[in-house]
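Text of upload_0.txt (compact mmCIF, C-alpha atoms) as supplied:
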```
# COMPACT_ATOMS: atom_id res chain seq x y z
CA MET A 1 0.00 0.00 0.00
CA LYS A 2 1.39 3.42 -0.92
CA PHE A 3 1.17 6.44 1.32
CA PHE A 4 0.68 9.89 -0.11
CA PHE A 5 1.75 13.10 1.52
CA LEU A 6 0.38 16.51 2.27
CA PHE A 7 2.79 18.77 0.39
CA THR A 8 3.15 22.41 1.36
CA PHE A 9 5.74 25.15 1.01
CA LEU A 10 6.57 26.82 4.30
CA THR A 11 7.88 30.38 4.37
CA LEU A 12 8.54 32.17 7.67
CA ASN A 13 9.49 35.74 8.44
CA THR A 14 13.09 34.62 8.46
CA ALA A 15 15.65 33.48 5.92
CA LEU A 16 14.35 29.92 6.30
CA SER A 17 12.13 28.21 3.75
CA TYR A 18 11.42 24.50 3.39
CA ASP A 19 9.20 22.15 1.46
CA ILE A 20 7.18 20.26 4.06
CA VAL A 21 6.14 16.65 3.41
CA GLU A 22 4.16 14.77 6.06
CA LEU A 23 3.74 11.04 6.56
CA LYS A 24 0.48 10.80 8.52
CA ASN A 25 -1.65 8.37 10.54
CA ILE A 26 1.20 6.59 12.31
CA LYS A 27 0.22 5.03 15.62
CA SER A 28 2.08 6.86 18.42
CA PRO A 29 5.35 7.41 16.52
CA GLN A 30 8.37 7.78 18.77
CA MET A 31 11.93 6.75 17.92
CA THR A 32 12.81 7.15 14.22
CA LYS A 33 16.08 6.13 12.55
CA VAL A 34 17.41 6.31 9.02
CA ALA A 35 19.43 3.95 6.78
CA ASP A 36 19.40 2.55 3.24
CA PHE A 37 17.58 -0.80 3.51
CA ASN A 38 17.51 -1.79 -0.16
CA ASN A 39 20.92 -0.48 -1.30
CA ASP A 40 19.49 1.98 -3.83
CA GLY A 41 21.19 5.03 -2.35
CA LEU A 42 17.96 6.57 -1.00
CA PRO A 43 17.55 6.83 2.79
CA ASP A 44 14.74 4.71 4.29
CA ILE A 45 13.24 4.84 7.79
CA VAL A 46 12.10 2.77 10.75
CA THR A 47 9.83 4.30 13.38
CA SER A 48 8.72 2.66 16.62
CA SER A 49 5.48 3.19 18.53
CA LEU A 50 5.22 4.58 22.05
CA SER A 51 3.86 1.24 23.24
CA SER A 52 7.13 -0.16 21.83
CA GLU A 53 5.78 -3.33 20.24
CA LEU A 54 5.25 -1.94 16.70
CA TYR A 55 8.06 -1.09 14.26
CA HIS A 56 7.06 0.40 10.89
CA ILE A 57 9.44 0.04 7.93
CA TYR A 58 9.22 2.64 5.14
CA ILE A 59 11.13 2.46 1.86
CA GLN A 60 11.75 5.57 -0.23
CA LYS A 61 10.59 4.45 -3.69
CA ASN A 62 11.42 7.75 -5.36
CA ALA A 63 12.63 11.06 -4.05
CA ARG A 64 10.11 12.25 -1.40
CA GLN A 65 7.81 9.23 -1.90
CA PHE A 66 7.74 6.58 0.83
CA GLU A 67 5.93 3.25 0.99
CA LYS A 68 5.37 1.13 4.09
CA VAL A 69 6.63 -2.35 3.27
CA MET A 70 6.54 -4.04 6.65
CA THR A 71 5.34 -3.78 10.24
CA ILE A 72 7.06 -5.78 12.96
CA ASN A 73 4.90 -6.59 15.99
CA LEU A 74 7.03 -7.88 18.87
CA THR A 75 3.99 -9.46 20.53
CA ASP A 76 4.10 -12.04 17.73
CA TYR A 77 7.27 -13.38 19.36
CA ASP A 78 6.84 -12.60 23.04
CA VAL A 79 3.99 -11.75 25.40
CA ASP A 80 6.21 -9.67 27.70
CA VAL A 81 7.37 -6.75 25.58
CA PHE A 82 8.78 -3.36 26.45
CA SER A 83 11.62 -2.36 24.16
CA MET A 84 13.98 0.35 25.39
CA SER A 85 15.60 1.11 22.02
CA PHE A 86 16.59 -0.21 18.63
CA GLU A 87 19.63 0.07 16.39
CA LEU A 88 20.29 -0.18 12.66
CA GLY A 89 23.65 -1.39 11.41
CA HIS A 90 25.85 -3.98 9.71
CA PHE A 91 25.85 -6.76 12.30
CA ASP A 92 26.80 -9.66 10.01
CA ASN A 93 28.99 -10.24 6.97
CA ASP A 94 26.67 -9.14 4.17
CA THR A 95 26.17 -5.57 2.98
CA ASN A 96 22.57 -5.28 4.17
CA ILE A 97 21.34 -3.12 7.05
CA ASP A 98 20.04 -5.17 10.00
CA LEU A 99 17.66 -4.25 12.83
CA MET A 100 18.36 -4.90 16.52
CA ILE A 101 15.50 -4.35 18.99
CA ILE A 102 16.45 -4.39 22.67
CA ASN A 103 13.67 -5.68 24.91
CA ASP A 104 13.56 -4.60 28.54
CA VAL A 105 13.09 -8.21 29.65
CA GLN A 106 16.59 -9.45 28.86
CA LYS A 107 16.27 -10.17 25.16
CA ILE A 108 17.49 -8.78 21.88
CA TYR A 109 15.47 -9.39 18.71
CA TYR A 110 17.80 -9.47 15.71
CA PHE A 111 16.11 -9.06 12.30
CA ARG A 112 18.47 -9.56 9.37
CA GLY A 113 18.02 -7.24 6.41
CA ASP A 114 17.28 -8.87 3.05
CA GLY A 115 18.75 -6.05 0.96
CA GLN A 116 15.36 -5.48 -0.72
CA GLY A 117 13.93 -3.22 1.96
CA ALA A 118 12.47 -5.78 4.38
CA PHE A 119 13.76 -7.74 7.34
CA SER A 120 13.55 -11.41 8.31
CA LYS A 121 10.06 -12.50 9.38
CA LYS A 122 11.42 -14.36 12.38
CA PRO A 123 14.13 -12.81 14.53
CA ILE A 124 17.14 -14.43 16.10
CA ILE A 125 16.44 -14.00 19.82
CA LEU A 126 19.49 -13.29 21.92
CA PRO A 127 19.20 -13.68 25.72
CA LEU A 128 20.81 -10.98 27.83
CA GLY A 129 22.44 -11.06 31.21
CA PRO A 130 21.21 -10.34 34.76
CA PRO A 131 17.50 -9.65 35.43
CA VAL A 132 17.68 -5.86 35.38
CA ASP A 133 16.64 -3.21 32.89
CA GLN A 134 18.93 -2.72 29.92
CA LEU A 135 20.08 0.14 27.69
CA ALA A 136 21.99 -0.43 24.46
CA ILE A 137 23.76 1.54 21.75
CA LYS A 138 25.54 0.67 18.52
CA VAL A 139 29.30 1.16 18.32
CA ASN A 140 32.16 0.02 16.13
CA THR A 141 34.71 -1.08 18.69
CA ASN A 142 37.40 -2.33 16.29
CA ASN A 143 37.18 0.20 13.43
CA ASP A 144 36.18 -2.61 11.05
CA LYS A 145 33.17 -2.95 8.73
CA LYS A 146 30.98 -4.62 11.35
CA ASP A 147 28.91 -2.89 14.00
CA ASP A 148 28.87 -4.05 17.61
CA LEU A 149 26.46 -3.43 20.48
CA ILE A 150 27.12 -2.10 23.98
CA ILE A 151 24.56 -3.16 26.58
CA SER A 152 24.49 -1.35 29.91
CA THR A 153 22.52 -2.10 33.05
CA ASN A 154 19.91 0.55 33.70
CA TYR A 155 21.23 1.17 37.24
CA ILE A 156 24.51 1.72 39.01
CA LEU A 157 24.21 -0.40 42.15
CA ASP A 158 26.48 0.44 45.08
CA GLY A 159 28.94 2.07 42.67
CA ASN A 160 29.01 -0.84 40.22
CA LEU A 161 28.15 -0.47 36.53
CA GLY A 162 27.65 -3.58 34.41
CA LEU A 163 28.55 -3.54 30.70
CA ASP A 164 28.21 -6.26 28.08
CA THR A 165 29.71 -5.62 24.63
CA LEU A 166 28.63 -7.90 21.79
CA VAL A 167 31.60 -7.86 19.42
CA GLY A 168 30.82 -9.37 16.04
CA LYS A 169 32.97 -12.18 14.75
CA HIS A 170 33.07 -13.18 11.09
CA SER A 171 29.81 -15.06 11.04
CA LYS A 172 26.36 -14.66 9.55
CA THR A 173 24.52 -15.25 12.83
CA LEU A 174 24.70 -13.66 16.24
CA GLN A 175 25.35 -16.96 17.98
CA TYR A 176 29.01 -16.38 17.18
CA PHE A 177 29.18 -12.92 18.67
CA LYS A 178 31.69 -12.62 21.46
CA SER A 179 30.21 -11.31 24.70
CA ILE A 180 32.64 -9.19 26.73
CA ARG A 181 31.27 -8.45 30.20
CA GLN A 182 32.72 -5.90 32.56
CA ASN A 183 31.93 -4.56 36.00
CA ILE A 184 33.26 -1.03 36.45
CA ASN A 185 33.35 0.28 40.02
CA ILE A 186 33.03 4.06 40.33
CA LYS A 187 32.01 4.31 43.97
CA LYS A 188 35.03 6.44 44.92
CA GLU A 189 34.46 8.86 42.03
CA LEU A 190 30.77 9.21 42.96
CA GLU A 191 31.54 9.91 46.61
CA GLN A 192 34.11 12.53 45.64
CA ARG A 193 31.21 14.42 44.05
CA ASN A 194 28.91 13.86 47.03
CA ILE A 195 26.78 11.20 45.31
CA TYR A 196 26.05 8.51 47.90
CA GLU A 197 22.85 6.81 46.74
CA GLN A 198 23.04 3.03 46.51
CA GLU A 199 20.94 2.91 43.34
CA LEU A 200 21.49 5.39 40.51
CA GLU A 201 19.38 5.16 37.38
CA ILE A 202 21.04 5.47 33.96
CA ASP A 203 18.90 7.26 31.38
CA PHE A 204 21.01 7.88 28.26
CA LEU A 205 23.99 6.43 26.41
CA ALA A 206 26.10 7.97 23.66
CA VAL A 207 29.34 7.16 21.85
CA GLY A 208 31.97 9.52 20.50
CA GLU A 209 35.67 9.91 19.86
CA PHE A 210 37.00 12.18 22.60
CA THR A 211 40.70 11.43 23.15
CA GLY A 212 42.19 11.38 19.64
CA ASP A 213 43.05 7.67 19.54
CA LYS A 214 40.29 6.82 17.01
CA ILE A 215 38.66 4.39 19.47
CA LYS A 216 35.05 5.12 20.37
CA ASP A 217 34.36 6.14 23.97
CA LEU A 218 31.12 5.76 25.93
CA VAL A 219 29.05 8.47 27.67
CA ILE A 220 26.60 7.51 30.42
CA VAL A 221 24.03 9.99 31.76
CA SER A 222 21.92 9.96 34.94
CA THR A 223 19.11 12.49 34.47
CA GLY A 224 17.70 12.06 37.97
CA HIS A 225 21.05 12.54 39.71
CA ASP A 226 22.44 15.32 37.49
CA PHE A 227 25.71 13.78 36.34
CA PHE A 228 27.37 12.14 33.39
CA MET A 229 30.55 10.13 33.02
CA ILE A 230 32.84 9.10 30.21
CA LEU A 231 34.29 5.61 29.85
CA LYS A 232 37.36 5.49 27.65
CA GLY A 233 37.34 2.85 24.92
CA LEU A 234 40.32 0.52 25.06
CA GLY A 235 39.45 -1.40 21.88
CA GLY A 236 38.02 -4.86 21.52
CA GLY A 237 34.86 -3.96 23.44
CA ARG A 238 36.52 -2.98 26.74
CA TYR A 239 36.21 0.30 28.66
CA LYS A 240 37.61 2.03 31.73
CA PHE A 241 36.51 5.00 33.81
CA PHE A 242 37.75 8.34 32.45
CA GLN A 243 35.84 11.33 33.89
CA LEU A 244 32.67 12.12 35.87
CA GLU A 245 31.00 15.54 35.94
CA LYS A 246 28.03 17.08 37.76
CA THR A 247 25.85 19.25 35.55
CA LEU A 248 22.64 21.30 35.54
CA ALA A 249 19.36 19.77 36.69
CA GLY A 250 18.09 16.85 34.63
CA PRO A 251 20.69 16.34 31.86
CA THR A 252 19.37 14.71 28.69
CA GLY A 253 21.06 13.48 25.54
CA PRO A 254 23.98 13.67 25.11
CA TYR A 255 25.02 14.30 21.53
CA ALA A 256 28.58 13.88 20.25
CA LEU A 257 29.30 16.41 17.49
CA ASP A 258 32.65 17.30 15.94
CA VAL A 259 32.02 21.04 15.87
CA ASP A 260 35.48 22.21 14.73
CA ASP A 261 36.32 19.30 12.37
CA ASP A 262 39.41 18.28 14.33
CA GLY A 263 38.46 14.59 14.58
CA ILE A 264 37.53 14.91 18.27
CA ASP A 265 33.89 15.18 19.29
CA GLU A 266 32.36 17.83 21.50
CA LEU A 267 29.51 16.89 23.87
CA VAL A 268 26.18 18.73 23.89
CA PHE A 269 23.61 18.32 26.70
CA SER A 270 20.18 19.77 27.23
CA HIS A 271 18.31 19.63 30.55
CA MET A 272 14.83 18.76 31.75
CA LYS A 273 14.79 21.51 34.40
CA ASP A 274 16.86 24.24 32.78
CA LYS A 275 16.51 26.16 29.52
CA ARG A 276 20.25 26.15 28.96
CA SER A 277 22.17 23.54 27.01
CA LEU A 278 25.86 22.98 27.68
CA ILE A 279 28.66 22.35 25.19
CA TYR A 280 31.75 20.54 26.47
CA HIS A 281 35.09 20.57 24.65
CA PHE A 282 38.06 18.25 25.16
CA LYS A 283 41.26 20.10 25.88
CA GLY A 284 44.12 17.64 25.88
CA MET A 285 42.88 14.69 27.91
CA LYS A 286 40.38 16.65 30.00
CA LEU A 287 36.78 17.58 29.30
CA GLU A 288 35.98 21.23 29.98
CA LEU A 289 32.76 23.25 29.83
CA GLN A 290 32.97 25.48 26.76
CA GLN A 291 29.73 27.46 26.74
CA GLN A 292 25.98 27.63 27.29
CA VAL A 293 23.26 28.22 24.70
CA VAL A 294 19.61 29.01 25.44
CA THR A 295 17.68 26.23 23.71
CA GLY A 296 14.74 25.76 26.07
CA SER A 297 14.37 22.67 28.24
CA TYR A 298 14.54 19.13 26.90
CA VAL A 299 16.09 19.23 23.45
CA SER A 300 15.19 15.94 21.74
CA GLY A 301 17.81 16.24 19.02
CA PHE A 302 20.96 18.19 18.12
CA SER A 303 22.75 18.38 14.79
CA LEU A 304 25.24 20.49 12.88
CA ASP A 305 24.17 22.30 9.70
CA THR A 306 27.13 23.01 7.42
CA SER A 307 25.09 23.79 4.29
CA LYS A 308 25.28 27.56 4.82
CA ALA A 309 28.22 29.93 4.79
CA ILE A 310 28.05 29.95 8.61
CA LYS A 311 28.01 26.63 10.44
CA ARG A 312 25.00 26.29 12.73
CA LEU A 313 24.07 24.24 15.77
CA VAL A 314 20.55 22.89 15.31
CA ALA A 315 18.35 22.06 18.32
CA LEU A 316 14.96 20.34 18.22
CA SER A 317 12.84 21.37 21.21
CA TYR A 318 10.39 18.73 22.41
CA PHE A 319 7.97 20.90 24.37
CA ASP A 320 7.36 23.71 21.89
CA GLY A 321 7.91 21.63 18.74
CA SER A 322 10.45 24.00 17.19
CA ILE A 323 13.84 23.82 15.50
CA LYS A 324 16.27 26.49 16.66
CA PHE A 325 19.43 27.55 14.78
CA PHE A 326 22.53 28.93 16.54
CA ASN A 327 25.22 30.56 14.39
CA ASN A 328 28.83 29.57 14.93
CA TRP A 329 31.17 32.51 15.40
CA ASN A 330 34.53 31.04 16.45
CA LYS A 331 35.51 27.37 16.12
CA THR A 332 33.51 25.60 18.85
CA TYR A 333 31.62 28.70 20.01
CA PHE A 334 28.03 29.52 19.03
CA GLU A 335 25.81 32.51 19.66
CA THR A 336 23.96 31.99 22.94
CA SER A 337 20.51 32.77 21.49
CA PRO A 338 19.01 31.33 18.29
CA SER A 339 19.31 33.38 15.12
CA GLU A 340 16.18 31.73 13.71
CA THR A 341 13.36 29.49 14.97
CA LEU A 342 11.16 27.22 12.89
CA GLN A 343 7.87 25.91 14.33
CA VAL A 344 7.24 22.40 12.99
CA ALA A 345 5.24 20.20 15.39
CA ILE A 346 3.09 19.96 18.50
CA ARG A 347 5.62 17.79 20.34
CA ALA A 348 8.85 17.20 18.43
CA MET A 349 11.07 14.15 18.84
CA TRP A 350 14.01 12.43 17.13
CA LEU A 351 15.70 14.87 14.83
CA ASN A 352 17.27 13.17 11.79
CA HIS A 353 19.51 15.17 9.46
CA ALA A 354 20.23 13.59 6.06
CA ASP A 355 20.01 14.26 2.33
CA PHE A 356 16.75 12.34 1.83
CA ASP A 357 16.08 13.35 -1.79
CA LEU A 358 19.74 13.28 -2.90
CA ASP A 359 19.75 16.88 -4.15
CA GLY A 360 23.03 17.67 -2.40
CA ALA A 361 21.43 19.53 0.53
CA LYS A 362 20.71 17.90 3.88
CA ASP A 363 17.09 17.75 5.00
CA TYR A 364 15.39 17.26 8.38
CA LEU A 365 13.05 14.55 9.63
CA VAL A 366 11.07 15.20 12.82
CA THR A 367 8.73 12.85 14.70
CA ASP A 368 5.53 14.62 15.77
CA PHE A 369 4.26 12.37 18.56
CA TYR A 370 1.00 14.24 19.25
CA GLY A 371 0.28 14.84 15.57
CA LEU A 372 0.75 11.11 14.76
CA LYS A 373 3.03 11.86 11.84
CA LEU A 374 6.56 12.20 10.53
CA ILE A 375 7.52 15.59 9.12
CA PHE A 376 10.15 15.97 6.39
CA LEU A 377 11.69 19.40 5.77
CA TYR A 378 13.39 19.57 2.37
```

Can the structure from this file be put into C-alpha cells for me?
Amino acid sequence: MKFFFLFTFLTLNTALSYDIVELKNIKSPQMTKVADFNNDGLPDIVTSSLSSELYHIYIQKNARQFEKVMTINLTDYDVDVFSMSFELGHFDNDTNIDLMIINDVQKIYYFRGDGQGAFSKKPIILPLGPPVDQLAIKVNTNNDKKDDLIISTNYILDGNLGLDTLVGKHSKTLQYFKSIRQNINIKKELEQRNIYEQELEIDFLAVGEFTGDKIKDLVIVSTGHDFFMILKGLGGGRYKFFQLEKTLAGPTGPYALDVDDDGIDELVFSHMKDKRSLIYHFKGMKLELQQQVVTGSYVSGFSLDTSKAIKRLVALSYFDGSIKFFNNWNKTYFETSPSETLQVAIRAMWLNHADFDLDGAKDYLVTDFYGLKLIFLY
C-alpha cells in the first residue's frame, strides 16, 4: 500500500524556507532512525510506537515518496514486551542493514536485512544477562566494517556499573558474537562528588571519539542525579573510567558532534529543568565546559548544519515543537541565542539530518508524537 503526503511550502518571516512533506496516521510514533535498507542510495526509515511493540518500515521508492513495506509486531514473538531502544547497522557479513531491537526483559530481537527493503520474518532471539533493565547503543569497537552493540545495566548499584559488549565475529549469525562483560566500580568517584545513593538510574547512552586515539568512547548519563561520566574505549569492546561531571538539573542526551572538524567530538547536553544547554570541549585529555546556549528545556535532538556559509548548531525542542538555529562565530563557540526558529510540530522528537532526496542539501526529519506523523523538511 502506498502512502501519499500533504505537500506544502513553508515560508517564515526569516531566511528559512522548506518544502514540508508529512507522513500521517502513524500510531504513536516515537523513535525514528534512518538507513538505506535496499541499497538503492535513497535513505529509508524505521519508526517505533510509544507502546514499543510496533516497528514500521518505510522504503523511499522515489525522491520524497515513501511506501510502508513491513510492520514488525514484537507481541508475535513474546507476550512480555517493552523495548527500550533499537539500532540499525551492519551486524553480520553481508552488505545489508540489519535491525536490533532491545527488549527490557533481557532479550534482543535481531532481524536480518534482506537487501530489498524488508527484514527477516522471524528474529534471532538473543538472551541478555542479569535480570535488570537494559540500555543499548551501537558502536564500532574495532574500526572494522561490522557494528557491535554495547549493553548497559539501567542502574549503578552500590557504585558498580555492568557492561556487556557484543563484538561481532566473522559469522552470519549472532550466535558467534563474542560477549565481553565488565563490572566497572566508580564508587570512589561518585563519593568525591557527594553522590552517595546506593541505586542510581542510567537514562542515556552515547558514543563519541574524545581522546584522539580513534577508538570510540562511551558516555553515560543519569538524568535524575544530574551527572554524566565518560568511559574510555580501550578497543576490543573494553572500557575504563575516564571522567565524571556534575551538571545542571536533569541532563538529557547527550550528543557527540565534531564542531570544529578536528576529529575529536564535543559533547552537547540539554536539561529537563533548565533552559540552557551545555557544550563541552576536550582540551588535551580533559573535558571542559565550553559554553551555554539558550535552547529551552529538553532538546530531543541536536545536529550540525554546514550547508550555509556559517556553520549552525541545530536544536529540536520537544515541548514547543520548534527547530532552533545557533550561528557559529569562532571554532567551537556559538551565539547563545538562536538566530532563527522554525515551528514544525506539536511535540517534536528524534531529529534526523540527512540528504533524503539526494539533491546535495541535507534535510530534516522530525517525529511529531501528538500529531501522529513524521515531518520531512526539504

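For the pair CA of Phe242 (chain A) and CA of Lys214 (chain A), the separation is 15.7 Å.
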
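Each of A:Thr211, A:Val34, A:Tyr378, A:His281 was checked against Asp357 (chain A) using only C-alpha atoms; the smallest atom-to-atom distance is that of A:Tyr378.
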
Check: Taking into account all atoms listed in the file, which residue in the set A:Ala348, A:Leu257, A:Ile124, A:Val21 is nearest to Leu313 (chain A)?
Finding: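 Looking at the shortest contact to Leu313 (chain A), the residue is A:Leu257.
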
Check: So what do you get for CA of Tyr280 (chain A) versus CA of Asn185 (chain A), distance-wise?
Finding: 24.4 Å

Check: Need the neighbours of (11.2, 23.4, 4.2): which residues are at most 6 Å away, counting only C-alpha atoms, as a list in words?
Finding: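 Answer for this query, in the requested form: Leu10, Ser17, Tyr18, Asp19, Ile20, Leu377 and Tyr378 of chain A.
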
Check: What separation in Å, quoted to one decimal, exists between CA of Leu287 (chain A) and CA of Lys273 (chain A)?
Finding: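 Answer for the CA of Leu287 (chain A) to CA of Lys273 (chain A) separation: 22.9 Å.
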
Item checked: Surrounding residues of Phe210 (chain A) excluding itself and chain neighbours under 6 positions, 7 Å, all atoms listed in the file, as a ChimeraX atom specification -> /A:217,264-265,282

Notebook entry, point to check: Which residues, written as a VMD selection string, have at least one atom at most 9 Å from Glu87 (chain A), with all atoms listed in the file counted and residues fewer than 4 positions away on the same chain left out?
Noted result: chain A and resid 33 98 to 102 136 to 138 149

Check: From the list A:Leu278, A:Val344, A:Ile59, A:Ile125, which residue is nearest Phe376 (chain A) when using all atoms listed in the file?
Finding: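 Looking only at the distances to Phe376 (chain A), the closest residue turns out to be A:Val344.
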
Notebook entry, point to check: With only C-alpha atoms as the basis for distance, which of A:Ile186, A:Lys27, A:Asp261, A:Val139 is at the shortest distance from Leu218 (chain A)?
Noted result: A:Val139

Check: Quick one: of A:Leu50, A:Thr295, A:Asp305, A:Leu161, who's nearest to Phe241 (chain A), counting only C-alpha atoms?
Finding: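 Of the candidates, the smallest distance to Phe241 (chain A) is held by A:Leu161.
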
Check: From the set A:Tyr58, A:Phe356, A:Phe319, A:Phe177, which residue has the shortest atom-to-atom contact distance to Val299 (chain A), counting only C-alpha atoms?
Finding: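 Smallest separation from Val299 (chain A) among the options: A:Phe319.
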
Note to self: Give me, as number ranges by chain, all polymer residues having an atom no more than 7 Å from region 179-182 of chain A, counting only C-alpha atoms and skipping those fewer than 4 positions away in the same chain.
What the structure shows: A: 162-167, 237

Check: If we count all atoms listed in the file, what is near Ala249 (chain A) at a cut-off of 9 Å, once residues fewer than 3 positions away on the same chain are taken out, given as number ranges by chain?
Finding: A: 223-227, 271-274

Select, counting all atoms listed in the file, all protein, DNA and RNA residues no farther than 8 Å from (29.3, 24.2, 21.7) in file coordinates, and express the selection as a PDB file with C-alpha atoms, in the coordinates of the input.
```pdb
ATOM      1  CA  VAL A 259      32.020  21.040  15.870  1.00  0.00           C
ATOM      2  CA  GLU A 266      32.360  17.830  21.500  1.00  0.00           C
ATOM      3  CA  LEU A 267      29.510  16.890  23.870  1.00  0.00           C
ATOM      4  CA  VAL A 268      26.180  18.730  23.890  1.00  0.00           C
ATOM      5  CA  LEU A 278      25.860  22.980  27.680  1.00  0.00           C
ATOM      6  CA  ILE A 279      28.660  22.350  25.190  1.00  0.00           C
ATOM      7  CA  TYR A 280      31.750  20.540  26.470  1.00  0.00           C
ATOM      8  CA  HIS A 281      35.090  20.570  24.650  1.00  0.00           C
ATOM      9  CA  GLN A 290      32.970  25.480  26.760  1.00  0.00           C
ATOM     10  CA  GLN A 291      29.730  27.460  26.740  1.00  0.00           C
ATOM     11  CA  GLN A 292      25.980  27.630  27.290  1.00  0.00           C
ATOM     12  CA  VAL A 293      23.260  28.220  24.700  1.00  0.00           C
ATOM     13  CA  LEU A 313      24.070  24.240  15.770  1.00  0.00           C
ATOM     14  CA  THR A 332      33.510  25.600  18.850  1.00  0.00           C
ATOM     15  CA  TYR A 333      31.620  28.700  20.010  1.00  0.00           C
ATOM     16  CA  PHE A 334      28.030  29.520  19.030  1.00  0.00           C
TER      17      PHE A 334
END
```

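With all atoms listed in the file taken into account, the protein and nucleic acid residues at most 9 Å from Pro338 (chain A) (excluding it and anything under 3 positions from it in its own chain) are Val293, Val294, Thr295, Lys324, Phe325, Phe326, Asn327, Glu335 and Thr341 of chain A.
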
I need the chosen residues saved as a PDB file, keeping the file's coordinate frame, with C-alpha atoms.
```pdb
ATOM      1  CA  VAL A 293      23.260  28.220  24.700  1.00  0.00           C
ATOM      2  CA  VAL A 294      19.610  29.010  25.440  1.00  0.00           C
ATOM      3  CA  THR A 295      17.680  26.230  23.710  1.00  0.00           C
ATOM      4  CA  LYS A 324      16.270  26.490  16.660  1.00  0.00           C
ATOM      5  CA  PHE A 325      19.430  27.550  14.780  1.00  0.00           C
ATOM      6  CA  PHE A 326      22.530  28.930  16.540  1.00  0.00           C
ATOM      7  CA  ASN A 327      25.220  30.560  14.390  1.00  0.00           C
ATOM      8  CA  GLU A 335      25.810  32.510  19.660  1.00  0.00           C
ATOM      9  CA  THR A 341      13.360  29.490  14.970  1.00  0.00           C
TER      10      THR A 341
END
```
